[in-house]
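Text of work_10.csv, listed as CSV, C-alpha atoms:
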```
chain,number,residue,atom,x,y,z
A,1,MET,CA,-45.8,-25.0,-15.8
A,2,GLN,CA,-45.1,-21.4,-15.3
A,3,PHE,CA,-42.9,-19.2,-13.1
A,4,PRO,CA,-44.8,-18.7,-9.8
A,5,LEU,CA,-43.6,-15.1,-9.1
A,6,ASN,CA,-45.1,-12.1,-10.7
A,7,LEU,CA,-43.4,-8.7,-11.3
A,8,SER,CA,-44.5,-7.3,-7.9
A,9,ASP,CA,-42.9,-10.2,-6.1
A,10,ILE,CA,-39.7,-9.9,-8.0
A,11,SER,CA,-39.7,-6.1,-7.4
A,12,LEU,CA,-40.1,-6.6,-3.6
A,13,TRP,CA,-37.3,-9.2,-3.6
A,14,ILE,CA,-35.0,-6.9,-5.5
A,15,ALA,CA,-35.7,-4.0,-3.2
A,16,PHE,CA,-35.2,-6.1,-0.1
A,17,THR,CA,-31.9,-7.5,-1.3
A,18,ALA,CA,-30.6,-4.1,-2.5
A,19,ILE,CA,-31.2,-2.7,1.0
A,20,ILE,CA,-29.4,-5.5,2.7
A,21,LEU,CA,-26.4,-5.2,0.3
A,22,LEU,CA,-26.3,-1.4,0.7
A,23,VAL,CA,-26.4,-1.6,4.5
A,24,THR,CA,-23.7,-4.3,4.5
A,25,SER,CA,-21.4,-2.4,2.2
A,26,GLU,CA,-21.8,0.7,4.4
A,27,LEU,CA,-21.3,-1.1,7.6
A,28,LEU,CA,-18.1,-2.8,6.5
A,29,SER,CA,-15.2,-0.9,7.9
A,30,PRO,CA,-12.9,0.6,5.2
A,31,TYR,CA,-10.0,-0.4,7.4
A,32,SER,CA,-10.8,-4.2,7.6
A,33,GLU,CA,-10.5,-5.9,4.4
A,34,LYS,CA,-11.4,-9.3,5.8
A,35,LEU,CA,-14.7,-10.6,7.0
A,36,GLY,CA,-13.8,-13.6,9.0
A,37,ASP,CA,-11.9,-15.8,6.6
A,38,PHE,CA,-13.6,-14.5,3.5
A,39,ALA,CA,-12.1,-11.5,1.9
A,40,ILE,CA,-14.5,-9.4,-0.1
A,41,GLU,CA,-14.2,-6.4,-2.3
A,42,LYS,CA,-16.3,-3.7,-0.8
A,43,ASP,CA,-16.6,-1.5,-3.9
A,44,ARG,CA,-18.0,-4.3,-5.9
A,45,LEU,CA,-20.5,-5.2,-3.2
A,46,ARG,CA,-21.7,-1.6,-3.3
A,47,LEU,CA,-21.8,-1.6,-7.1
A,48,ALA,CA,-24.0,-4.8,-7.0
A,49,ALA,CA,-26.3,-3.1,-4.4
A,50,LEU,CA,-26.6,0.0,-6.6
A,51,LEU,CA,-27.4,-2.2,-9.7
A,52,LEU,CA,-30.1,-4.0,-7.8
A,53,GLY,CA,-31.5,-0.6,-6.7
A,54,ALA,CA,-31.6,0.5,-10.3
A,55,ALA,CA,-33.3,-2.8,-11.2
A,56,PHE,CA,-35.9,-2.1,-8.6
A,57,VAL,CA,-36.6,1.3,-10.0
A,58,ILE,CA,-37.0,-0.2,-13.5
A,59,THR,CA,-39.5,-2.8,-12.2
A,60,VAL,CA,-41.5,0.0,-10.5
A,61,LEU,CA,-41.5,2.0,-13.8
A,62,ILE,CA,-42.7,-1.1,-15.7
A,63,ARG,CA,-45.5,-1.4,-13.2
A,64,VAL,CA,-46.4,2.3,-13.6
A,65,ILE,CA,-46.4,2.2,-17.4
A,66,ARG,CA,-48.2,-1.2,-17.5
A,67,PRO,CA,-50.2,-1.6,-14.3
B,1,MET,CA,57.3,-1.9,33.6
B,2,PRO,CA,53.6,-1.6,32.5
B,3,SER,CA,54.7,0.0,29.2
B,4,THR,CA,56.9,-3.0,28.3
B,5,GLU,CA,54.0,-5.3,29.1
B,6,ARG,CA,51.8,-3.3,26.7
B,7,ASN,CA,54.4,-3.5,23.9
B,8,LYS,CA,54.9,-7.2,24.4
B,9,PRO,CA,53.4,-9.2,21.4
B,10,LYS,CA,50.3,-11.1,22.2
B,11,ASP,CA,50.4,-14.7,23.0
B,12,PRO,CA,49.5,-16.7,19.8
B,13,ILE,CA,47.3,-19.0,21.8
B,14,GLU,CA,45.4,-16.1,23.2
B,15,THR,CA,45.0,-14.5,19.7
B,16,ARG,CA,43.7,-17.8,18.4
B,17,ARG,CA,41.3,-18.0,21.3
B,18,GLU,CA,40.0,-14.6,20.6
B,19,LYS,CA,39.6,-15.4,16.9
B,20,ASP,CA,37.7,-18.6,17.9
B,21,LYS,CA,35.5,-16.6,20.2
B,22,THR,CA,34.6,-14.1,17.5
B,23,ALA,CA,34.0,-16.9,15.0
B,24,HIS,CA,31.8,-18.6,17.6
B,25,ILE,CA,29.7,-15.4,18.1
B,26,THR,CA,29.4,-14.9,14.3
B,27,VAL,CA,28.2,-18.5,13.9
B,28,LYS,CA,25.8,-18.1,16.8
B,29,TYR,CA,24.4,-14.9,15.2
B,30,LEU,CA,24.1,-16.6,11.8
B,31,VAL,CA,22.3,-19.6,13.3
B,32,GLU,CA,19.9,-17.3,15.1
B,33,SER,CA,19.2,-15.3,12.0
B,34,LEU,CA,18.7,-18.5,10.0
B,35,GLN,CA,16.2,-19.8,12.6
B,36,ALA,CA,14.3,-16.5,12.6
B,37,ALA,CA,14.1,-16.6,8.8
B,38,GLN,CA,12.9,-20.2,9.0
B,39,ARG,CA,10.2,-19.3,11.5
B,40,GLU,CA,9.1,-16.4,9.2
B,41,ASN,CA,9.1,-18.8,6.3
B,42,GLU,CA,6.9,-21.2,8.2
B,43,LEU,CA,4.5,-18.4,9.1
B,44,LEU,CA,4.3,-17.3,5.5
B,45,LYS,CA,3.7,-20.8,4.3
B,46,THR,CA,0.8,-21.1,6.8
B,47,GLU,CA,-0.6,-17.8,5.6
B,48,LEU,CA,-0.4,-19.0,2.0
B,49,LEU,CA,-2.1,-22.3,2.9
B,50,LYS,CA,-4.9,-20.4,4.7
B,51,SER,CA,-5.5,-18.1,1.7
B,52,LYS,CA,-5.6,-21.0,-0.6
B,53,GLN,CA,-8.1,-22.7,1.6
B,54,ILE,CA,-10.7,-19.9,1.2
B,55,PRO,CA,-13.2,-21.8,-0.9
B,56,SER,CA,-15.1,-18.7,-2.2
B,57,ASN,CA,-15.2,-20.2,-5.7
B,58,LYS,CA,-16.6,-23.5,-4.5
B,59,ILE,CA,-19.2,-21.7,-2.2
B,60,GLY,CA,-20.3,-19.6,-5.1
B,61,PHE,CA,-20.6,-22.5,-7.5
B,62,LEU,CA,-22.5,-24.6,-4.9
B,63,LEU,CA,-25.0,-21.7,-4.2
B,64,LEU,CA,-25.5,-21.2,-8.0
B,65,ILE,CA,-26.2,-24.8,-8.7
B,66,ILE,CA,-28.7,-25.1,-5.7
B,67,GLY,CA,-30.3,-21.8,-6.8
B,68,VAL,CA,-30.8,-22.8,-10.4
B,69,LEU,CA,-32.2,-26.2,-9.2
B,70,SER,CA,-34.6,-24.4,-6.9
B,71,LEU,CA,-35.8,-22.1,-9.6
B,72,ALA,CA,-36.4,-25.1,-11.9
B,73,GLY,CA,-38.2,-26.9,-9.1
B,74,SER,CA,-40.4,-23.8,-8.4
B,75,ILE,CA,-41.5,-23.8,-12.1
B,76,VAL,CA,-42.3,-27.5,-12.0
B,77,ALA,CA,-44.1,-27.4,-8.6
B,78,SER,CA,-45.5,-23.8,-9.1
B,79,SER,CA,-44.1,-23.0,-5.6
B,80,SER,CA,-43.4,-19.3,-4.9
B,81,ALA,CA,-41.4,-20.2,-1.8
B,82,LEU,CA,-39.0,-22.3,-3.9
B,83,ALA,CA,-38.8,-19.5,-6.4
B,84,PHE,CA,-37.7,-17.0,-3.7
B,85,ILE,CA,-35.2,-19.4,-2.3
B,86,GLY,CA,-33.9,-20.1,-5.9
B,87,LEU,CA,-33.6,-16.4,-6.6
B,88,GLY,CA,-31.7,-15.7,-3.4
B,89,LEU,CA,-29.3,-18.6,-3.8
B,90,THR,CA,-28.6,-17.8,-7.5
B,91,PHE,CA,-28.0,-14.2,-6.7
B,92,TRP,CA,-25.6,-14.9,-3.9
B,93,GLY,CA,-23.9,-17.5,-6.0
B,94,ILE,CA,-23.2,-14.9,-8.7
B,95,LEU,CA,-22.3,-12.3,-6.1
B,96,PHE,CA,-19.6,-14.6,-4.6
B,97,PHE,CA,-17.9,-14.7,-7.9
B,98,PHE,CA,-18.3,-11.0,-8.4
B,99,ILE,CA,-17.1,-9.7,-5.0
B,100,LYS,CA,-14.1,-12.0,-4.8
B,101,PRO,CA,-11.0,-9.9,-4.5
B,102,ILE,CA,-8.3,-10.1,-7.1
B,103,LYS,CA,-5.4,-10.0,-4.6
B,104,PHE,CA,-5.3,-9.6,-0.9
B,105,VAL,CA,-2.2,-9.8,1.1
B,106,LYS,CA,-1.5,-9.2,4.8
B,107,GLY,CA,-0.4,-5.7,5.6
B,108,THR,CA,2.6,-7.1,7.5
B,109,LEU,CA,3.9,-8.6,4.3
B,110,LEU,CA,4.2,-5.1,2.7
B,111,GLU,CA,6.3,-4.0,5.6
B,112,SER,CA,8.6,-7.0,5.6
B,113,THR,CA,9.2,-6.6,1.9
B,114,ALA,CA,10.1,-3.0,2.4
B,115,ILE,CA,12.7,-3.7,5.1
B,116,SER,CA,15.2,-5.2,2.8
B,117,SER,CA,15.3,-2.1,0.5
B,118,TYR,CA,15.8,0.2,3.5
B,119,THR,CA,18.5,-2.0,5.0
B,120,THR,CA,20.3,-1.9,1.6
B,121,ILE,CA,20.1,1.9,1.5
B,122,ASP,CA,21.4,2.0,5.1
B,123,ARG,CA,24.4,0.0,4.1
B,124,ILE,CA,25.1,2.1,1.0
B,125,ILE,CA,24.9,5.3,3.0
B,126,GLU,CA,27.1,3.9,5.8
B,127,ALA,CA,29.6,2.6,3.4
B,128,LEU,CA,29.9,5.9,1.5
B,129,GLY,CA,29.9,7.9,4.8
B,130,PHE,CA,27.1,10.2,3.7
B,131,LYS,CA,25.6,12.5,6.2
B,132,GLY,CA,23.3,14.6,4.1
B,133,ARG,CA,19.6,14.8,3.5
B,134,ALA,CA,17.3,13.3,0.9
B,135,MET,CA,15.9,15.5,-1.7
B,136,TYR,CA,12.9,14.4,-3.8
B,137,ILE,CA,13.5,15.8,-7.3
B,138,PRO,CA,10.3,16.2,-9.5
B,139,PRO,CA,10.2,14.8,-13.0
B,140,TYR,CA,9.2,16.6,-16.1
B,141,PRO,CA,5.5,16.1,-17.0
B,142,LYS,CA,4.9,13.0,-19.2
B,143,GLU,CA,3.4,15.0,-22.1
B,144,VAL,CA,6.4,17.4,-22.4
B,145,TYR,CA,8.6,16.5,-25.3
B,146,LEU,CA,12.3,15.9,-24.4
B,147,PRO,CA,15.1,14.8,-26.7
B,148,GLU,CA,16.3,11.2,-26.2
B,149,TYR,CA,19.4,12.2,-24.2
B,150,LEU,CA,17.2,14.1,-21.7
B,151,LYS,CA,14.6,11.3,-21.2
B,152,GLY,CA,16.1,10.6,-17.8
B,153,LEU,CA,14.5,13.8,-16.5
B,154,LYS,CA,11.1,12.2,-16.8
B,155,GLU,CA,11.9,9.9,-13.8
B,156,MET,CA,11.2,10.8,-10.2
B,157,VAL,CA,14.4,10.4,-8.2
B,158,VAL,CA,15.6,11.1,-4.7
B,159,LEU,CA,19.1,12.5,-4.2
B,160,ILE,CA,20.9,11.5,-1.0
B,161,SER,CA,23.6,14.1,-0.6
B,162,ALA,CA,27.0,13.6,1.1
B,163,GLU,CA,26.9,16.9,2.9
B,164,GLU,CA,24.2,18.4,5.0
B,165,THR,CA,23.7,21.4,2.7
B,166,THR,CA,23.4,20.6,-0.9
B,167,ALA,CA,22.5,22.2,-4.2
B,168,MET,CA,20.4,20.8,-7.1
B,169,PRO,CA,22.4,18.6,-9.5
B,170,SER,CA,22.7,19.9,-13.0
B,171,VAL,CA,20.2,18.9,-15.7
B,172,GLU,CA,23.0,17.0,-17.7
B,173,GLU,CA,23.9,15.0,-14.6
B,174,MET,CA,20.3,14.1,-13.9
B,175,ALA,CA,19.6,13.2,-17.5
B,176,ARG,CA,22.5,10.7,-17.5
B,177,LYS,CA,20.5,8.5,-15.0
B,178,GLN,CA,23.7,7.9,-12.9
B,179,PHE,CA,23.7,6.4,-9.5
B,180,MET,CA,26.7,8.3,-8.2
B,181,LEU,CA,26.6,12.1,-8.7
B,182,GLU,CA,29.8,14.2,-8.5
B,183,ASN,CA,28.4,17.7,-8.3
B,184,PRO,CA,26.9,17.8,-5.7
B,185,LYS,CA,28.3,14.6,-4.3
B,186,GLY,CA,25.6,12.1,-3.6
B,187,ILE,CA,23.6,9.2,-4.9
B,188,CYS,CA,20.4,9.2,-6.9
B,189,ILE,CA,17.9,6.4,-6.2
B,190,THR,CA,14.3,5.6,-7.0
B,191,PRO,CA,12.1,6.8,-4.2
B,192,PRO,CA,10.7,3.9,-2.0
B,193,GLY,CA,7.2,5.4,-2.4
B,194,LEU,CA,7.2,5.7,-6.1
B,195,GLY,CA,5.0,2.6,-6.6
B,196,VAL,CA,2.5,3.8,-4.0
B,197,MET,CA,2.5,7.3,-5.7
B,198,THR,CA,1.7,5.6,-9.1
B,199,GLN,CA,-1.2,3.7,-7.5
B,200,LEU,CA,-2.4,7.0,-6.0
B,201,GLU,CA,-2.3,8.5,-9.5
B,202,LYS,CA,-4.2,5.5,-10.9
B,203,GLU,CA,-6.9,6.0,-8.3
B,204,LEU,CA,-7.0,9.7,-9.0
B,205,ARG,CA,-7.0,9.0,-12.8
B,206,ASN,CA,-4.7,12.0,-13.1
B,207,ASP,CA,-1.1,12.9,-13.0
B,208,PHE,CA,0.0,14.8,-10.0
B,209,THR,CA,1.8,17.3,-12.2
B,210,LYS,CA,-1.7,18.4,-13.3
B,211,VAL,CA,-3.1,18.8,-9.8
B,212,ASN,CA,-3.2,22.1,-8.1
B,213,PRO,CA,-0.8,21.9,-5.1
B,214,LYS,CA,-3.4,23.7,-2.9
B,215,ASN,CA,-5.8,20.8,-3.5
B,216,LEU,CA,-3.3,18.1,-2.4
B,217,THR,CA,-4.2,18.6,1.2
B,218,ASN,CA,-7.7,17.4,0.5
B,219,ILE,CA,-7.0,14.9,-2.3
B,220,LEU,CA,-4.2,12.8,-0.8
B,221,PRO,CA,-5.8,11.9,2.6
B,222,LYS,CA,-8.9,10.6,0.7
B,223,LEU,CA,-6.9,8.6,-1.7
B,224,ILE,CA,-4.7,7.1,1.0
B,225,VAL,CA,-7.5,6.3,3.6
B,226,ASN,CA,-10.5,5.5,1.4
B,227,ASN,CA,-9.1,4.2,-1.8
B,228,LEU,CA,-5.9,2.4,-0.9
B,229,GLU,CA,-6.6,2.0,2.8
B,230,LEU,CA,-3.0,2.3,3.8
B,231,ALA,CA,-3.7,4.3,7.0
B,232,ARG,CA,-6.6,4.9,9.3
B,233,ASN,CA,-6.3,8.7,9.0
B,234,VAL,CA,-4.1,11.2,7.2
B,235,GLU,CA,-3.9,14.9,7.8
B,236,ILE,CA,-1.9,17.3,5.6
B,237,HIS,CA,-1.3,20.9,6.5
B,238,ASP,CA,0.4,23.2,4.2
B,239,GLU,CA,1.9,26.6,5.2
B,240,ASN,CA,4.1,28.5,2.9
B,241,ASN,CA,6.9,26.1,2.0
B,242,LEU,CA,6.3,23.7,4.9
B,243,THR,CA,4.0,20.7,4.8
B,244,GLN,CA,3.1,18.8,7.9
B,245,VAL,CA,1.8,15.3,7.5
B,246,ARG,CA,0.2,13.3,10.3
B,247,ILE,CA,-0.4,9.6,9.6
B,248,GLU,CA,-2.5,7.5,11.9
B,249,GLU,CA,-2.1,3.7,12.0
B,250,SER,CA,0.0,3.5,8.9
B,251,ILE,CA,0.5,0.1,7.4
B,252,TYR,CA,4.2,0.8,7.3
B,253,LYS,CA,4.4,2.0,10.9
B,254,ASP,CA,6.7,-0.8,12.1
B,255,LEU,CA,9.5,0.4,9.9
B,256,TYR,CA,9.9,3.3,12.4
B,257,SER,CA,10.3,0.8,15.3
B,258,SER,CA,13.6,0.9,17.2
B,259,GLU,CA,13.8,-2.8,16.7
B,260,HIS,CA,14.8,-2.4,13.0
B,261,LYS,CA,17.1,0.6,13.7
B,262,LEU,CA,16.6,1.9,10.1
B,263,LYS,CA,18.3,5.2,9.5
B,264,SER,CA,17.1,5.6,5.9
B,265,VAL,CA,13.5,5.5,7.0
B,266,HIS,CA,14.0,8.8,8.8
B,267,LEU,CA,15.9,10.1,5.8
B,268,LEU,CA,13.5,9.0,3.0
B,269,GLY,CA,10.3,8.3,5.0
B,270,CYS,CA,8.4,5.1,4.9
B,271,PRO,CA,6.9,4.2,1.4
B,272,LEU,CA,3.7,6.0,2.3
B,273,ALA,CA,5.6,9.2,3.5
B,274,SER,CA,7.8,8.9,0.5
B,275,ALA,CA,4.7,8.7,-1.8
B,276,VAL,CA,3.4,11.9,-0.2
B,277,ALA,CA,6.8,13.6,-0.7
B,278,CYS,CA,6.8,12.5,-4.3
B,279,SER,CA,3.2,13.8,-4.8
B,280,VAL,CA,4.0,17.2,-3.2
B,281,SER,CA,7.2,17.5,-5.3
B,282,LYS,CA,5.4,16.5,-8.5
B,283,ALA,CA,2.4,18.9,-7.9
B,284,THR,CA,4.6,21.8,-7.0
B,285,GLY,CA,7.3,21.0,-9.5
B,286,LYS,CA,9.9,21.8,-6.8
B,287,PRO,CA,12.3,19.6,-4.8
B,288,VAL,CA,11.1,18.4,-1.4
B,289,THR,CA,13.1,17.3,1.6
B,290,ILE,CA,12.0,15.6,4.8
B,291,THR,CA,13.2,18.0,7.5
B,292,LYS,CA,11.9,16.2,10.6
B,293,ASP,CA,9.9,13.1,11.6
B,294,SER,CA,8.6,11.7,14.8
B,295,ALA,CA,6.7,8.6,15.8
B,296,SER,CA,4.6,8.1,18.9
B,297,PRO,CA,5.9,5.3,21.3
B,298,ASP,CA,3.2,2.9,20.1
B,299,LEU,CA,4.0,4.0,16.5
B,300,GLY,CA,0.3,4.7,16.1
B,301,ILE,CA,0.9,8.3,15.0
B,302,ILE,CA,3.7,9.3,12.6
B,303,LYS,CA,4.4,13.0,12.0
B,304,LEU,CA,6.6,14.3,9.2
B,305,TRP,CA,7.6,17.8,8.1
B,306,PHE,CA,8.4,18.4,4.5
B,307,GLN,CA,10.1,21.5,3.1
B,308,THR,CA,9.6,22.6,-0.5
B,309,LEU,CA,12.8,24.1,-1.9
B,310,GLU,CA,13.2,26.6,-4.6
B,311,ALA,CA,14.4,24.8,-7.8
```

Output the structure of this file as structure tokens.
Amino acid sequence: MQFPLNLSDISLWIAFTAIILLVTSELLSPYSEKLGDFAIEKDRLRLAALLLGAAFVITVLIRVIRP
Amino acid sequence: MPSTERNKPKDPIETRREKDKTAHITVKYLVESLQAAQRENELLKTELLKSKQIPSNKIGFLLLIIGVLSLAGSIVASSSALAFIGLGLTFWGILFFFIKPIKFVKGTLLESTAISSYTTIDRIIEALGFKGRAMYIPPYPKEVYLPEYLKGLKEMVVLISAEETTAMPSVEEMARKQFMLENPKGICITPPGLGVMTQLEKELRNDFTKVNPKNLTNILPKLIVNNLELARNVEIHDENNLTQVRIEESIYKDLYSSEHKLKSVHLLGCPLASAVACSVSKATGKPVTITKDSASPDLGIIKLWFQTLEA
């Protein structure tokens, strides 16, 4: 029993999710605070996207240091 | 003959009828007002119920549980597909908790809460028969030491004068924190946009007294549009002692509608315009008055002209 994903899989997943979140946070209009019936805080979404982006960079660095 | 008819006392029955008619109109007006208030109450109740029904917490919790189960399943079954699904669901579950807003209210609610303050100011001005202008008087900077009896000078106030032309009130009178001023005759009230201005300062992480007045034309629109999202676009042009402000799709635009017939909104500006006046006054350290304002027929564009006076 072991976790089936390796570092490159996780890195790819993180990169993909970060891009989706960044695009979403940019596409959300600053004037509409509601997305359907679900209100979201745009700044936090962007922060999450940036954190994921940073996580992706860290995984890449790990792969460079320990290939 | 007609003069004697005019001098003749009114028939008591007729007087009573007139009184009854007036009372009937008053009752009718009150009933209509009550019905309107009840309708508004119902609408607000529905809004509240709707906002309570948003199950963002429940959705987040559900996603988190399914995600964790999928991750556990992926380890047991050594399935990378399950692991990806688990990662995604766990992530979005956590994100739903994280991006949930603290407080969101409808913009119309802001406007309806402001109306009562403006109506009260209208009543006060009408009762006192004031015909003057409003003058935003800047406070002393927070860090400046002032003795206890002058602490009142650290509050931003707006003076509504009785006469069209007015002088600055004396320091002593301002420090007393009085509502009615004798010299010059007028009333001192808290600006309707003081709260908005405080929020702008919080967003800026700085006091407007420390901001260069020349930079205000760039800073304020960004804070209002991007940070607080109170308008779609704001333009500020500064020339000598005159500042022109153009607000597009302000959240408080309905205060300018002829339906409300608010006089004080033209005198003091809507909370957003008042906040801009407070900021200009604080940054320049000089009193500011609203000399002119205009709103487009659809209220989409509101223009205001401020004048900075010599203290």

Check your understanding: Nearest to chain A: which of B:Val76, B:Leu262, B:Met197, B:Ile66 is it, counting only C-alpha atoms?
Key ->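 The shortest atom-to-atom distance to chain A comes from B:Val76.
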
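All chain A residues having an atom within 6 Å of chain B, based on only C-alpha atoms, amount to Met1, Gln2, Phe3, Pro4, Leu5, Ile40, Glu41, Arg44 and Leu45 of chain A.
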
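Atom pair atom CA of Lys177 of chain B / atom CA of Arg133 of chain B: separated by 19.6 Å.
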
Practice item. Considering only C-alpha atoms, return as number ranges by chain whatever protein or nucleic-acid residues lie within 8 Å of Leu22 of chain A, sequence-local ones (same chain, fewer than 5 positions apart) excluded. Key: A: 45-46, 49-50

Point to revise | d(atom CA of Arg123 of chain B, atom CA of Leu200 of chain B) in Å | key: 29.5 Å

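Atom CA of Ala37 of chain B to atom CA of Leu299 of chain B spans 24.2 Å [interatomic distance, one decimal].
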
Review point. Which one is closest to Val144 of chain B: B:Thr209, B:Ser294, B:Ser257, B:Cys278? Count only C-alpha atoms.
Key: B:Thr209

Point to revise | Closest of A:Ile19, A:Thr24, A:Thr59, A:Val64 to Asn6 of chain A - atom-to-atom distances counting all atoms listed in the file | key: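 With all atoms listed in the file as the atom set, the closest residue is A:Thr59.
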
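The nearest approach to Leu309 of chain B among the residues B:Ile94, B:Met156, B:Val196, B:Val280, with only C-alpha atoms taken into account, belongs to B:Val280.
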
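Restricting the calculation to only C-alpha atoms, the smallest distance between Ile10 of chain A and any of A:Phe56, A:Asp43, A:Pro67, A:Ile62 is found for A:Phe56.
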
Check your understanding: Which is closest to Ser250 of chain B among B:Lys154, B:Lys303, B:Lys214, B:Lys292, if we use only C-alpha atoms?
Key -> B:Lys303
